[in-house]
Amino acid sequence: MTAANRSVQMQEVPAKVYRSEGRVVVAVPMPGLEPQDIAVEVQDGPRVTVHGELRGTLKDEKDVLVDEWNPGPYHRELQLPEPVDGERANVTYNNGVLVVNLPSAEETRPANISLEARSSTQGERVGHRGQQG
């Protein structure tokens with residue numbers, strides 16, 4: 001099969017969700033992306049959706065012999081255990097792992113979050129610096 005006729009399917013990525021005092025953290029492996037390829041959405045429910053766009057298939061025609069993963073597209077929607085403040089979320093992408101740190105809240109505050117590139121493989125979004133409220 002060549003890159004030209006290869007169909008790339010959306011990949012539902014595995015996740016870790018854990019809670020510590022005052023926050024819910026979601027970690028998702030999304031290797032091969034650049035920060036601008038990643039979007040995070042916090043919604044009522046409460047839930048969080050992470051999405052990573054495909055950066056591109058093989059640039060030249062090549063015979064693909066083993067094709068077990070692609071650098072996107074990635075997608076995952078997760079139910080959260082408690083309301084969170086999406087507007088104050090801290091999000092980092094480093095070493096191919098997206099970490100979404102969501103402060104607990106009385107009611108979920110939805111947000112659409114994109115990352116600011118720190119390099120071609122690292123990005124962040126700082127919504128709070130640890131202060132409450």
# chains A, B, ... in the order shown; residues from 1 in each chain; ligands from 1
$ select_by_dssp --residues "chain A" --states "strand (DSSP E)" --output "count of residues only"
56
$ residues_around --residues "Arg76 in chain A" --least-positions-apart "4" --cutoff "12 Å" --atoms "only C-alpha atoms" --output "PDB file with N, CA, C and O atoms, in the first residue's frame"
ATOM      1  N   MET A  10      -9.356   8.021  12.416  1.00  0.00           N
ATOM      2  CA  MET A  10      -9.291   8.690  13.711  1.00  0.00           C
ATOM      3  C   MET A  10      -8.925   7.655  14.771  1.00  0.00           C
ATOM      4  O   MET A  10      -9.480   6.570  14.788  1.00  0.00           O
ATOM      5  N   GLN A  11      -7.975   7.988  15.633  1.00  0.00           N
ATOM      6  CA  GLN A  11      -7.530   7.074  16.678  1.00  0.00           C
ATOM      7  C   GLN A  11      -8.055   7.537  18.034  1.00  0.00           C
ATOM      8  O   GLN A  11      -7.839   8.682  18.410  1.00  0.00           O
ATOM      9  N   GLU A  12      -8.752   6.654  18.748  1.00  0.00           N
ATOM     10  CA  GLU A  12      -9.165   6.967  20.112  1.00  0.00           C
ATOM     11  C   GLU A  12      -8.003   6.591  21.016  1.00  0.00           C
ATOM     12  O   GLU A  12      -7.651   5.429  21.139  1.00  0.00           O
ATOM     13  N   VAL A  13      -7.389   7.590  21.614  1.00  0.00           N
ATOM     14  CA  VAL A  13      -6.181   7.380  22.405  1.00  0.00           C
ATOM     15  C   VAL A  13      -6.515   6.991  23.839  1.00  0.00           C
ATOM     16  O   VAL A  13      -7.564   7.357  24.365  1.00  0.00           O
ATOM     17  N   PRO A  14      -5.622   6.232  24.489  1.00  0.00           N
ATOM     18  CA  PRO A  14      -5.826   5.894  25.898  1.00  0.00           C
ATOM     19  C   PRO A  14      -5.628   7.137  26.760  1.00  0.00           C
ATOM     20  O   PRO A  14      -5.009   8.109  26.335  1.00  0.00           O
ATOM     21  N   ALA A  15      -6.147   7.089  27.958  1.00  0.00           N
ATOM     22  CA  ALA A  15      -6.045   8.246  28.850  1.00  0.00           C
ATOM     23  C   ALA A  15      -5.860   7.799  30.284  1.00  0.00           C
ATOM     24  O   ALA A  15      -6.209   6.680  30.659  1.00  0.00           O
ATOM     25  N   LYS A  16      -5.298   8.707  31.082  1.00  0.00           N
ATOM     26  CA  LYS A  16      -5.274   8.565  32.542  1.00  0.00           C
ATOM     27  C   LYS A  16      -5.995   9.786  33.078  1.00  0.00           C
ATOM     28  O   LYS A  16      -5.722  10.904  32.675  1.00  0.00           O
ATOM     29  N   VAL A  26      -5.951  15.125  33.405  1.00  0.00           N
ATOM     30  CA  VAL A  26      -6.121  14.181  32.304  1.00  0.00           C
ATOM     31  C   VAL A  26      -4.803  14.141  31.539  1.00  0.00           C
ATOM     32  O   VAL A  26      -4.271  15.186  31.163  1.00  0.00           O
ATOM     33  N   ALA A  27      -4.267  12.935  31.316  1.00  0.00           N
ATOM     34  CA  ALA A  27      -3.032  12.768  30.541  1.00  0.00           C
ATOM     35  C   ALA A  27      -3.326  11.835  29.371  1.00  0.00           C
ATOM     36  O   ALA A  27      -3.916  10.769  29.556  1.00  0.00           O
ATOM     37  N   VAL A  28      -2.913  12.255  28.167  1.00  0.00           N
ATOM     38  CA  VAL A  28      -3.207  11.514  26.945  1.00  0.00           C
ATOM     39  C   VAL A  28      -1.969  11.505  26.045  1.00  0.00           C
ATOM     40  O   VAL A  28      -1.438  12.563  25.729  1.00  0.00           O
ATOM     41  N   PRO A  29      -1.495  10.312  25.619  1.00  0.00           N
ATOM     42  CA  PRO A  29      -0.382  10.275  24.681  1.00  0.00           C
ATOM     43  C   PRO A  29      -0.852  10.665  23.279  1.00  0.00           C
ATOM     44  O   PRO A  29      -1.845  10.130  22.783  1.00  0.00           O
ATOM     45  N   MET A  30      -0.174  11.632  22.674  1.00  0.00           N
ATOM     46  CA  MET A  30      -0.503  12.096  21.331  1.00  0.00           C
ATOM     47  C   MET A  30       0.797  12.348  20.563  1.00  0.00           C
ATOM     48  O   MET A  30       1.110  13.479  20.216  1.00  0.00           O
ATOM     49  N   ILE A  38      -3.248  20.652  18.281  1.00  0.00           N
ATOM     50  CA  ILE A  38      -3.989  20.114  19.422  1.00  0.00           C
ATOM     51  C   ILE A  38      -5.075  21.088  19.882  1.00  0.00           C
ATOM     52  O   ILE A  38      -4.831  22.288  19.994  1.00  0.00           O
ATOM     53  N   ALA A  39      -6.257  20.538  20.184  1.00  0.00           N
ATOM     54  CA  ALA A  39      -7.355  21.340  20.742  1.00  0.00           C
ATOM     55  C   ALA A  39      -7.942  20.588  21.933  1.00  0.00           C
ATOM     56  O   ALA A  39      -8.037  19.362  21.914  1.00  0.00           O
ATOM     57  N   VAL A  40      -8.316  21.343  22.960  1.00  0.00           N
ATOM     58  CA  VAL A  40      -8.950  20.791  24.160  1.00  0.00           C
ATOM     59  C   VAL A  40     -10.247  21.558  24.366  1.00  0.00           C
ATOM     60  O   VAL A  40     -10.270  22.781  24.297  1.00  0.00           O
ATOM     61  N   GLU A  41     -11.320  20.826  24.633  1.00  0.00           N
ATOM     62  CA  GLU A  41     -12.598  21.467  24.913  1.00  0.00           C
ATOM     63  C   GLU A  41     -13.147  20.936  26.229  1.00  0.00           C
ATOM     64  O   GLU A  41     -13.256  19.726  26.416  1.00  0.00           O
ATOM     65  N   ARG A  47     -17.271  17.188  31.065  1.00  0.00           N
ATOM     66  CA  ARG A  47     -16.441  16.325  30.249  1.00  0.00           C
ATOM     67  C   ARG A  47     -15.369  17.145  29.541  1.00  0.00           C
ATOM     68  O   ARG A  47     -15.479  18.362  29.427  1.00  0.00           O
ATOM     69  N   VAL A  48     -14.356  16.436  29.083  1.00  0.00           N
ATOM     70  CA  VAL A  48     -13.277  17.074  28.338  1.00  0.00           C
ATOM     71  C   VAL A  48     -13.061  16.272  27.065  1.00  0.00           C
ATOM     72  O   VAL A  48     -13.138  15.045  27.061  1.00  0.00           O
ATOM     73  N   THR A  49     -12.822  16.988  25.972  1.00  0.00           N
ATOM     74  CA  THR A  49     -12.520  16.372  24.684  1.00  0.00           C
ATOM     75  C   THR A  49     -11.154  16.854  24.248  1.00  0.00           C
ATOM     76  O   THR A  49     -10.869  18.059  24.303  1.00  0.00           O
ATOM     77  N   VAL A  50     -10.290  15.927  23.846  1.00  0.00           N
ATOM     78  CA  VAL A  50      -8.987  16.290  23.287  1.00  0.00           C
ATOM     79  C   VAL A  50      -8.963  15.819  21.843  1.00  0.00           C
ATOM     80  O   VAL A  50      -9.492  14.758  21.507  1.00  0.00           O
ATOM     81  N   HIS A  51      -8.362  16.636  20.990  1.00  0.00           N
ATOM     82  CA  HIS A  51      -8.318  16.328  19.565  1.00  0.00           C
ATOM     83  C   HIS A  51      -6.965  16.755  19.011  1.00  0.00           C
ATOM     84  O   HIS A  51      -6.474  17.839  19.329  1.00  0.00           O
ATOM     85  N   GLY A  52      -6.378  15.903  18.214  1.00  0.00           N
ATOM     86  CA  GLY A  52      -5.114  16.216  17.549  1.00  0.00           C
ATOM     87  C   GLY A  52      -5.240  15.951  16.065  1.00  0.00           C
ATOM     88  O   GLY A  52      -5.641  14.860  15.655  1.00  0.00           O
ATOM     89  N   GLY A  72      -1.553  11.063  14.411  1.00  0.00           N
ATOM     90  CA  GLY A  72      -2.866  11.663  14.360  1.00  0.00           C
ATOM     91  C   GLY A  72      -3.661  11.067  13.209  1.00  0.00           C
ATOM     92  O   GLY A  72      -3.144  10.226  12.487  1.00  0.00           O
ATOM     93  N   LEU A  98       0.001  14.937  26.217  1.00  0.00           N
ATOM     94  CA  LEU A  98      -0.812  16.096  26.558  1.00  0.00           C
ATOM     95  C   LEU A  98      -1.302  15.929  27.992  1.00  0.00           C
ATOM     96  O   LEU A  98      -1.836  14.879  28.349  1.00  0.00           O
TER      97      LEU A  98
END
$ closest_atom_pairs --of "range 57-93 of chain A" --to "range 107-120 of chain A" --cutoff "6 Å" --atoms "only C-alpha atoms" --output "Markdown table"
| residue | atom | partner | partner_atom | distance |
| --- | --- | --- | --- | --- |
| A:Pro83 | CA | A:Thr108 | CA | 4.5 |
| A:Val84 | CA | A:Thr108 | CA | 4.7 |
| A:Asp85 | CA | A:Arg109 | CA | 4.7 |
| A:Gly86 | CA | A:Ala111 | CA | 5.0 |
| A:Glu87 | CA | A:Ala111 | CA | 5.4 |
$ residues_around --residues "Pro103 in chain A" --least-positions-apart "3" --cutoff "9 Å" --atoms "only C-alpha atoms" --output "PyMOL selection string"
chain A and resi 22-25+83-86+88-90+128+130+132
$ residues_around --residues "Gln9 in chain A" --least-positions-apart "6" --cutoff "10 Å" --atoms "only C-alpha atoms" --output "PyMOL selection string"
chain A and resi 54+69-70+72-74
$ residues_around --residues "Val91 in chain A" --least-positions-apart "6" --cutoff "8 Å" --atoms "only C-alpha atoms" --output "list of chain:residue names"
A:Leu98, A:Val99, A:Val100, A:Asn101, A:Leu115, A:Glu124, A:Arg125, A:Val126
$ write_last_selection --atoms "N, CA, C and O atoms" --output "compact mmCIF listing (two decimals), in the first residue's frame"
# COMPACT_ATOMS: atom_id res chain seq x y z
N LEU A 98 0.00 14.94 26.22
CA LEU A 98 -0.81 16.10 26.56
C LEU A 98 -1.30 15.93 27.99
O LEU A 98 -1.84 14.88 28.35
N VAL A 99 -1.10 16.95 28.84
CA VAL A 99 -1.57 16.93 30.22
C VAL A 99 -2.48 18.14 30.43
O VAL A 99 -2.07 19.28 30.20
N VAL A 100 -3.71 17.86 30.83
CA VAL A 100 -4.71 18.90 31.07
C VAL A 100 -4.98 18.92 32.57
O VAL A 100 -5.50 17.97 33.14
N ASN A 101 -4.63 20.03 33.23
CA ASN A 101 -4.77 20.19 34.67
C ASN A 101 -5.94 21.15 34.90
O ASN A 101 -5.85 22.34 34.60
N LEU A 115 -3.00 25.60 22.39
CA LEU A 115 -1.69 25.72 23.03
C LEU A 115 -0.82 26.77 22.35
O LEU A 115 -0.91 26.96 21.14
N GLU A 124 2.16 24.99 25.63
CA GLU A 124 1.47 25.14 26.91
C GLU A 124 0.39 26.18 26.82
O GLU A 124 0.37 27.02 25.92
N ARG A 125 -0.49 26.13 27.79
CA ARG A 125 -1.51 27.14 28.01
C ARG A 125 -1.62 27.28 29.52
O ARG A 125 -1.92 26.31 30.21
N VAL A 126 -1.33 28.45 30.02
CA VAL A 126 -1.40 28.69 31.45
C VAL A 126 -2.68 29.48 31.73
O VAL A 126 -2.83 30.61 31.32
$ residues_around --residues "Gly32 in chain A" --least-positions-apart "2" --cutoff "7 Å" --atoms "only C-alpha atoms" --output "JSON, numbers by chain"
{"A": [30, 34, 71, 96]}
$ write_last_selection --atoms "N, CA, C and O atoms" --output "CSV table (one decimal), in the first residue's frame"
chain,number,residue,atom,x,y,z
A,30,MET,N,-0.2,11.6,22.7
A,30,MET,CA,-0.5,12.1,21.3
A,30,MET,C,0.8,12.3,20.6
A,30,MET,O,1.1,13.5,20.2
A,34,GLU,N,2.4,18.8,16.6
A,34,GLU,CA,2.9,20.0,17.0
A,34,GLU,C,1.9,20.7,17.8
A,34,GLU,O,0.7,20.4,17.7
A,71,PRO,N,0.8,9.7,13.2
A,71,PRO,CA,0.8,10.9,14.1
A,71,PRO,C,-0.5,11.7,14.0
A,71,PRO,O,-0.5,12.8,13.5
A,96,GLY,N,5.4,14.2,23.6
A,96,GLY,CA,4.3,13.5,23.0
A,96,GLY,C,3.1,13.2,23.9
A,96,GLY,O,2.2,12.5,23.5
$ closest_residue --among "A:Val64, A:Val42, A:Val17, A:Leu33" --to "Pro81 in chain A" --atoms "only C-alpha atoms"
A:Val17
$ closest_residue --among "A:Arg129, A:Lys62, A:Glu53, A:Glu82" --to "Ser104 in chain A" --atoms "only C-alpha atoms"
A:Glu82
